[in-house]
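Q: Before anything else, here's the structure in question.
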Amino acid sequence: MTDPDPRADGANPPQADTTEPEFSLQSVYLKDCSFEAPRGPRVEGQWSPAVNLDLNTAAEAISPELREVVLTVSITARNNDAAAFVVEVKQAGVFGMRNLNEADYRRAIGSVAPNVLFPYARAIIAQLVALGGFPQMLLPPVNFDALYARSLAEAQEQAQGQLDTPPNSLNS
């Protein structure tokens, strides 16, 4: 028979390792939303809208270990060159972040948090569009990992381009 771990009793719970990286969802909430339909659901001709989707992520420190991340999803739908509707949703979440190195922190803000928030924003957008009297709009899944990797590559190319370009010189 083995002796039980003396740290596992209720009086002395095991201590968590405070040096381990930690990322946790604390809350999710709708920060802001708007829906505009200049003509309401009246549409000239066949309904086949051209849809423009814009995504943006921003983060703000609430405390040393808490960050508010806001995913802004903006959609403009045009049918026969006329604005049908514009919808914007700012879906926010509070995330606990501790002991993340710079690369992991940037990935958490640029990829992991938006992946958590997007389904909520997608559902709100579907509701707003339907409440506006338009046919159902289901946004396709977004690969935030790929978007984040692309933004890193673009930033690296831009930094490399700045290193390759000689500084401007003034000739008199």
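So you can find residues: chains in the structure tokens are A, B, ... in the order shown, residues in each start at 1, and ligands are numbered from 1 in order.
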So that I can see what lies close to Leu30 of chain A, please list as a list in words the residues with an atom at most 8 Å from it, counting only C-alpha atoms and leaving out residues fewer than 6 positions away in the same chain.

A: Val89, Lys90, Gln91 and Ala92 of chain A

Q: For all heavy atoms, I'd like the residues from the last selection saved as an mmCIF file, in the first residue's frame.

A:
```
data_model
loop_
_atom_site.group_PDB
_atom_site.id
_atom_site.type_symbol
_atom_site.label_atom_id
_atom_site.label_comp_id
_atom_site.auth_asym_id
_atom_site.auth_seq_id
_atom_site.Cartn_x
_atom_site.Cartn_y
_atom_site.Cartn_z
ATOM 1 N N VAL A 89 -20.108 44.660 -36.122
ATOM 2 C CA VAL A 89 -20.203 44.074 -34.791
ATOM 3 C C VAL A 89 -18.820 44.126 -34.152
ATOM 4 O O VAL A 89 -17.826 43.752 -34.774
ATOM 5 C CB VAL A 89 -20.706 42.613 -34.869
ATOM 6 C CG1 VAL A 89 -20.539 41.894 -33.549
ATOM 7 C CG2 VAL A 89 -22.156 42.585 -35.321
ATOM 8 N N LYS A 90 -18.786 44.604 -32.915
ATOM 9 C CA LYS A 90 -17.556 44.577 -32.117
ATOM 10 C C LYS A 90 -17.787 43.577 -31.003
ATOM 11 O O LYS A 90 -18.452 43.868 -30.014
ATOM 12 C CB LYS A 90 -17.232 45.962 -31.562
ATOM 13 C CG LYS A 90 -16.843 46.939 -32.648
ATOM 14 C CD LYS A 90 -16.407 48.255 -32.087
ATOM 15 C CE LYS A 90 -16.012 49.160 -33.249
ATOM 16 N NZ LYS A 90 -15.329 50.356 -32.792
ATOM 17 N N GLN A 91 -17.237 42.393 -31.203
ATOM 18 C CA GLN A 91 -17.365 41.309 -30.232
ATOM 19 C C GLN A 91 -16.118 41.328 -29.364
ATOM 20 O O GLN A 91 -14.995 41.322 -29.886
ATOM 21 C CB GLN A 91 -17.491 39.970 -30.953
ATOM 22 C CG GLN A 91 -17.813 38.817 -30.063
ATOM 23 C CD GLN A 91 -19.212 38.938 -29.474
ATOM 24 O OE1 GLN A 91 -20.174 39.154 -30.179
ATOM 25 N NE2 GLN A 91 -19.298 38.799 -28.167
ATOM 26 N N ALA A 92 -16.306 41.370 -28.056
ATOM 27 C CA ALA A 92 -15.165 41.505 -27.150
ATOM 28 C C ALA A 92 -15.079 40.332 -26.193
ATOM 29 O O ALA A 92 -16.059 39.628 -25.952
ATOM 30 C CB ALA A 92 -15.283 42.810 -26.359
#
```

Q: Could the residues of segment 27-118 of chain A that have an atom at most 12 Å from segment 146-160 of chain A be listed as a Markdown table, each with its closest atom pair and the distance in Å to one decimal, counting only C-alpha atoms and ordered by chain and ascending residue number?

A:
```
| residue | atom | partner | partner_atom | distance |
| --- | --- | --- | --- | --- |
| A:Leu55 | CA | A:Leu147 | CA | 10.1 |
| A:Asn56 | CA | A:Leu147 | CA | 10.9 |
| A:Thr57 | CA | A:Tyr148 | CA | 10.7 |
| A:Ala103 | CA | A:Leu152 | CA | 10.5 |
| A:Asp104 | CA | A:Tyr148 | CA | 12.0 |
| A:Arg106 | CA | A:Tyr148 | CA | 9.1 |
| A:Arg107 | CA | A:Tyr148 | CA | 7.3 |
| A:Ala108 | CA | A:Tyr148 | CA | 10.0 |
| A:Ile109 | CA | A:Tyr148 | CA | 9.5 |
| A:Gly110 | CA | A:Tyr148 | CA | 5.9 |
| A:Ser111 | CA | A:Tyr148 | CA | 6.0 |
| A:Val112 | CA | A:Tyr148 | CA | 9.6 |
| A:Ala113 | CA | A:Tyr148 | CA | 11.5 |
| A:Pro114 | CA | A:Tyr148 | CA | 10.2 |
| A:Asn115 | CA | A:Leu147 | CA | 11.0 |
```

Q: May I have the residues from that selection written out with all heavy atoms, as an mmCIF file, in the first residue's frame?

A:
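Everything below was put into part_13.cif:
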```
data_model
loop_
_atom_site.group_PDB
_atom_site.id
_atom_site.type_symbol
_atom_site.label_atom_id
_atom_site.label_comp_id
_atom_site.auth_asym_id
_atom_site.auth_seq_id
_atom_site.Cartn_x
_atom_site.Cartn_y
_atom_site.Cartn_z
ATOM 1 N N LEU A 55 -12.153 42.558 -41.289
ATOM 2 C CA LEU A 55 -11.900 42.078 -39.933
ATOM 3 C C LEU A 55 -10.778 42.898 -39.318
ATOM 4 O O LEU A 55 -9.807 43.234 -39.994
ATOM 5 C CB LEU A 55 -11.467 40.607 -39.950
ATOM 6 C CG LEU A 55 -12.438 39.615 -40.565
ATOM 7 C CD1 LEU A 55 -11.748 38.281 -40.821
ATOM 8 C CD2 LEU A 55 -13.632 39.428 -39.661
ATOM 9 N N ASN A 56 -10.915 43.194 -38.029
ATOM 10 C CA ASN A 56 -9.876 43.922 -37.324
ATOM 11 C C ASN A 56 -9.858 43.443 -35.873
ATOM 12 O O ASN A 56 -10.908 43.193 -35.293
ATOM 13 C CB ASN A 56 -10.140 45.425 -37.381
ATOM 14 C CG ASN A 56 -9.000 46.229 -36.799
ATOM 15 O OD1 ASN A 56 -7.841 45.842 -36.861
ATOM 16 N ND2 ASN A 56 -9.330 47.354 -36.211
ATOM 17 N N THR A 57 -8.673 43.325 -35.316
ATOM 18 C CA THR A 57 -8.530 42.914 -33.927
ATOM 19 C C THR A 57 -7.721 43.963 -33.177
ATOM 20 O O THR A 57 -6.704 44.442 -33.689
ATOM 21 C CB THR A 57 -7.808 41.553 -33.822
ATOM 22 O OG1 THR A 57 -8.517 40.598 -34.599
ATOM 23 C CG2 THR A 57 -7.740 41.071 -32.395
ATOM 24 N N ALA A 103 6.216 36.354 -28.699
ATOM 25 C CA ALA A 103 5.630 35.662 -29.857
ATOM 26 C C ALA A 103 4.297 35.003 -29.494
ATOM 27 O O ALA A 103 3.324 35.090 -30.257
ATOM 28 C CB ALA A 103 6.604 34.616 -30.396
ATOM 29 N N ASP A 104 4.234 34.357 -28.332
ATOM 30 C CA ASP A 104 2.983 33.716 -27.906
ATOM 31 C C ASP A 104 1.904 34.752 -27.607
ATOM 32 O O ASP A 104 0.730 34.543 -27.908
ATOM 33 C CB ASP A 104 3.212 32.837 -26.676
ATOM 34 C CG ASP A 104 3.979 31.568 -27.008
ATOM 35 O OD1 ASP A 104 4.033 31.184 -28.197
ATOM 36 O OD2 ASP A 104 4.536 30.959 -26.070
ATOM 37 N N ARG A 106 1.589 37.749 -29.011
ATOM 38 C CA ARG A 106 1.098 38.269 -30.298
ATOM 39 C C ARG A 106 0.187 37.257 -30.988
ATOM 40 O O ARG A 106 -0.825 37.626 -31.563
ATOM 41 C CB ARG A 106 2.269 38.636 -31.206
ATOM 42 C CG ARG A 106 3.006 39.867 -30.747
ATOM 43 C CD ARG A 106 4.125 40.226 -31.738
ATOM 44 N NE ARG A 106 4.880 41.350 -31.307
ATOM 45 C CZ ARG A 106 4.540 42.618 -31.522
ATOM 46 N NH1 ARG A 106 3.432 42.886 -32.159
ATOM 47 N NH2 ARG A 106 5.290 43.603 -31.100
ATOM 48 N N ARG A 107 0.533 35.983 -30.927
ATOM 49 C CA ARG A 107 -0.308 34.949 -31.517
ATOM 50 C C ARG A 107 -1.642 34.846 -30.779
ATOM 51 O O ARG A 107 -2.688 34.687 -31.403
ATOM 52 C CB ARG A 107 0.409 33.597 -31.499
ATOM 53 C CG ARG A 107 -0.389 32.506 -32.177
ATOM 54 C CD ARG A 107 0.404 31.189 -32.265
ATOM 55 N NE ARG A 107 -0.451 30.165 -32.781
ATOM 56 C CZ ARG A 107 -1.293 29.428 -32.044
ATOM 57 N NH1 ARG A 107 -1.374 29.602 -30.748
ATOM 58 N NH2 ARG A 107 -2.055 28.517 -32.609
ATOM 59 N N ALA A 108 -1.620 34.962 -29.463
ATOM 60 C CA ALA A 108 -2.865 34.907 -28.686
ATOM 61 C C ALA A 108 -3.798 36.039 -29.086
ATOM 62 O O ALA A 108 -4.998 35.824 -29.271
ATOM 63 C CB ALA A 108 -2.552 34.973 -27.186
ATOM 64 N N ILE A 109 -3.263 37.244 -29.263
ATOM 65 C CA ILE A 109 -4.067 38.409 -29.638
ATOM 66 C C ILE A 109 -4.498 38.341 -31.099
ATOM 67 O O ILE A 109 -5.633 38.668 -31.445
ATOM 68 C CB ILE A 109 -3.284 39.725 -29.387
ATOM 69 C CG1 ILE A 109 -2.965 39.891 -27.906
ATOM 70 C CG2 ILE A 109 -4.028 40.932 -29.945
ATOM 71 C CD1 ILE A 109 -4.155 40.031 -27.005
ATOM 72 N N GLY A 110 -3.588 37.920 -31.979
ATOM 73 C CA GLY A 110 -3.862 37.959 -33.410
ATOM 74 C C GLY A 110 -4.553 36.748 -33.986
ATOM 75 O O GLY A 110 -5.120 36.816 -35.081
ATOM 76 N N SER A 111 -4.550 35.621 -33.257
ATOM 77 C CA SER A 111 -5.126 34.403 -33.818
ATOM 78 C C SER A 111 -6.047 33.673 -32.853
ATOM 79 O O SER A 111 -7.198 33.386 -33.189
ATOM 80 C CB SER A 111 -3.986 33.461 -34.251
ATOM 81 O OG SER A 111 -4.507 32.257 -34.734
ATOM 82 N N VAL A 112 -5.571 33.358 -31.670
ATOM 83 C CA VAL A 112 -6.343 32.528 -30.744
ATOM 84 C C VAL A 112 -7.604 33.253 -30.267
ATOM 85 O O VAL A 112 -8.713 32.714 -30.345
ATOM 86 C CB VAL A 112 -5.477 32.070 -29.544
ATOM 87 C CG1 VAL A 112 -6.296 31.224 -28.590
ATOM 88 C CG2 VAL A 112 -4.256 31.291 -30.041
ATOM 89 N N ALA A 113 -7.465 34.479 -29.775
ATOM 90 C CA ALA A 113 -8.627 35.224 -29.278
ATOM 91 C C ALA A 113 -9.662 35.479 -30.381
ATOM 92 O O ALA A 113 -10.856 35.250 -30.156
ATOM 93 C CB ALA A 113 -8.181 36.527 -28.622
ATOM 94 N N PRO A 114 -9.254 35.921 -31.583
ATOM 95 C CA PRO A 114 -10.266 36.092 -32.643
ATOM 96 C C PRO A 114 -10.973 34.785 -33.013
ATOM 97 O O PRO A 114 -12.164 34.797 -33.328
ATOM 98 C CB PRO A 114 -9.470 36.635 -33.831
ATOM 99 C CG PRO A 114 -8.274 37.259 -33.230
ATOM 100 C CD PRO A 114 -7.958 36.458 -32.000
ATOM 101 N N ASN A 115 -10.251 33.662 -32.961
ATOM 102 C CA ASN A 115 -10.896 32.364 -33.212
ATOM 103 C C ASN A 115 -11.984 32.076 -32.182
ATOM 104 O O ASN A 115 -13.000 31.472 -32.503
ATOM 105 C CB ASN A 115 -9.858 31.233 -33.202
ATOM 106 C CG ASN A 115 -9.302 30.936 -34.565
ATOM 107 O OD1 ASN A 115 -10.037 30.893 -35.544
ATOM 108 N ND2 ASN A 115 -8.003 30.740 -34.640
#
```

Q: What separation in Å, quoted to one decimal, exists between atom CA of Val69 of chain A and atom CA of Gly93 of chain A?

A: 5.4 Å

Q: Of the residues A:Tyr105, A:Phe144, A:Tyr29, A:Trp47, which is the one nearest to Ala82 of chain A, using only C-alpha atoms?

A: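 The shortest atom-to-atom distance to Ala82 of chain A comes from A:Trp47.
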
Q: Would you work out the distance separating atom CA of Pro49 of chain A from atom CA of Cys33 of chain A, expressed in Å to one decimal?

A: 21.2 Å

Q: Let me make sure I understand: among A:Ala58, A:Ala84, A:Leu66, A:Leu53, which one has the smallest atom-to-atom distance to Phe134 of chain A if we use only C-alpha atoms?

A: A:Ala84

Q: Return as a ChimeraX atom specification the full set of residues in chain A whose backbone-based DSSP assignment is helix (DSSP H, G or I).

A: /A:6-8,102-131,144-164

Q: Enumerate the residues of segment 39-94 of chain A with a DSSP assignment of strand (DSSP E), computed from the backbone, and present them as a PyMOL selection string.

A: chain A and resi 50-63+66-79+82-94

Q: Between atom CA of Phe118 of chain A and atom CA of Leu100 of chain A, what distance in Å does the model show, to one decimal?

A: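 Pair atom CA of Phe118 of chain A / atom CA of Leu100 of chain A returns 22.6 Å.
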
Q: Find the residues around Leu138 of chain A up to 10 Å (only C-alpha atoms counted), leave out those fewer than 3 positions away in its own chain, and share them as a list in words.

A: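 Returned residues: Arg122, Ala123, Ile125, Ala126, Gln127, Val129, Pro135 and Pro141 of chain A.
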
Q: Rank nothing, just name the residue among A:Val86, A:Ala121, A:Leu128, A:Met137 nearest to Thr72 of chain A, using only C-alpha atoms.

A: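 Looking at the shortest contact to Thr72 of chain A, the residue is A:Ala121.
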
Q: Just checking: using only C-alpha atoms, which residue out of A:Val43, A:Asn99, A:Asp145, A:Val70 ends up closest to Tyr120 of chain A?

A: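 Ranking A:Val43, A:Asn99, A:Asp145, A:Val70 by distance to Tyr120 of chain A, first place goes to A:Val70.
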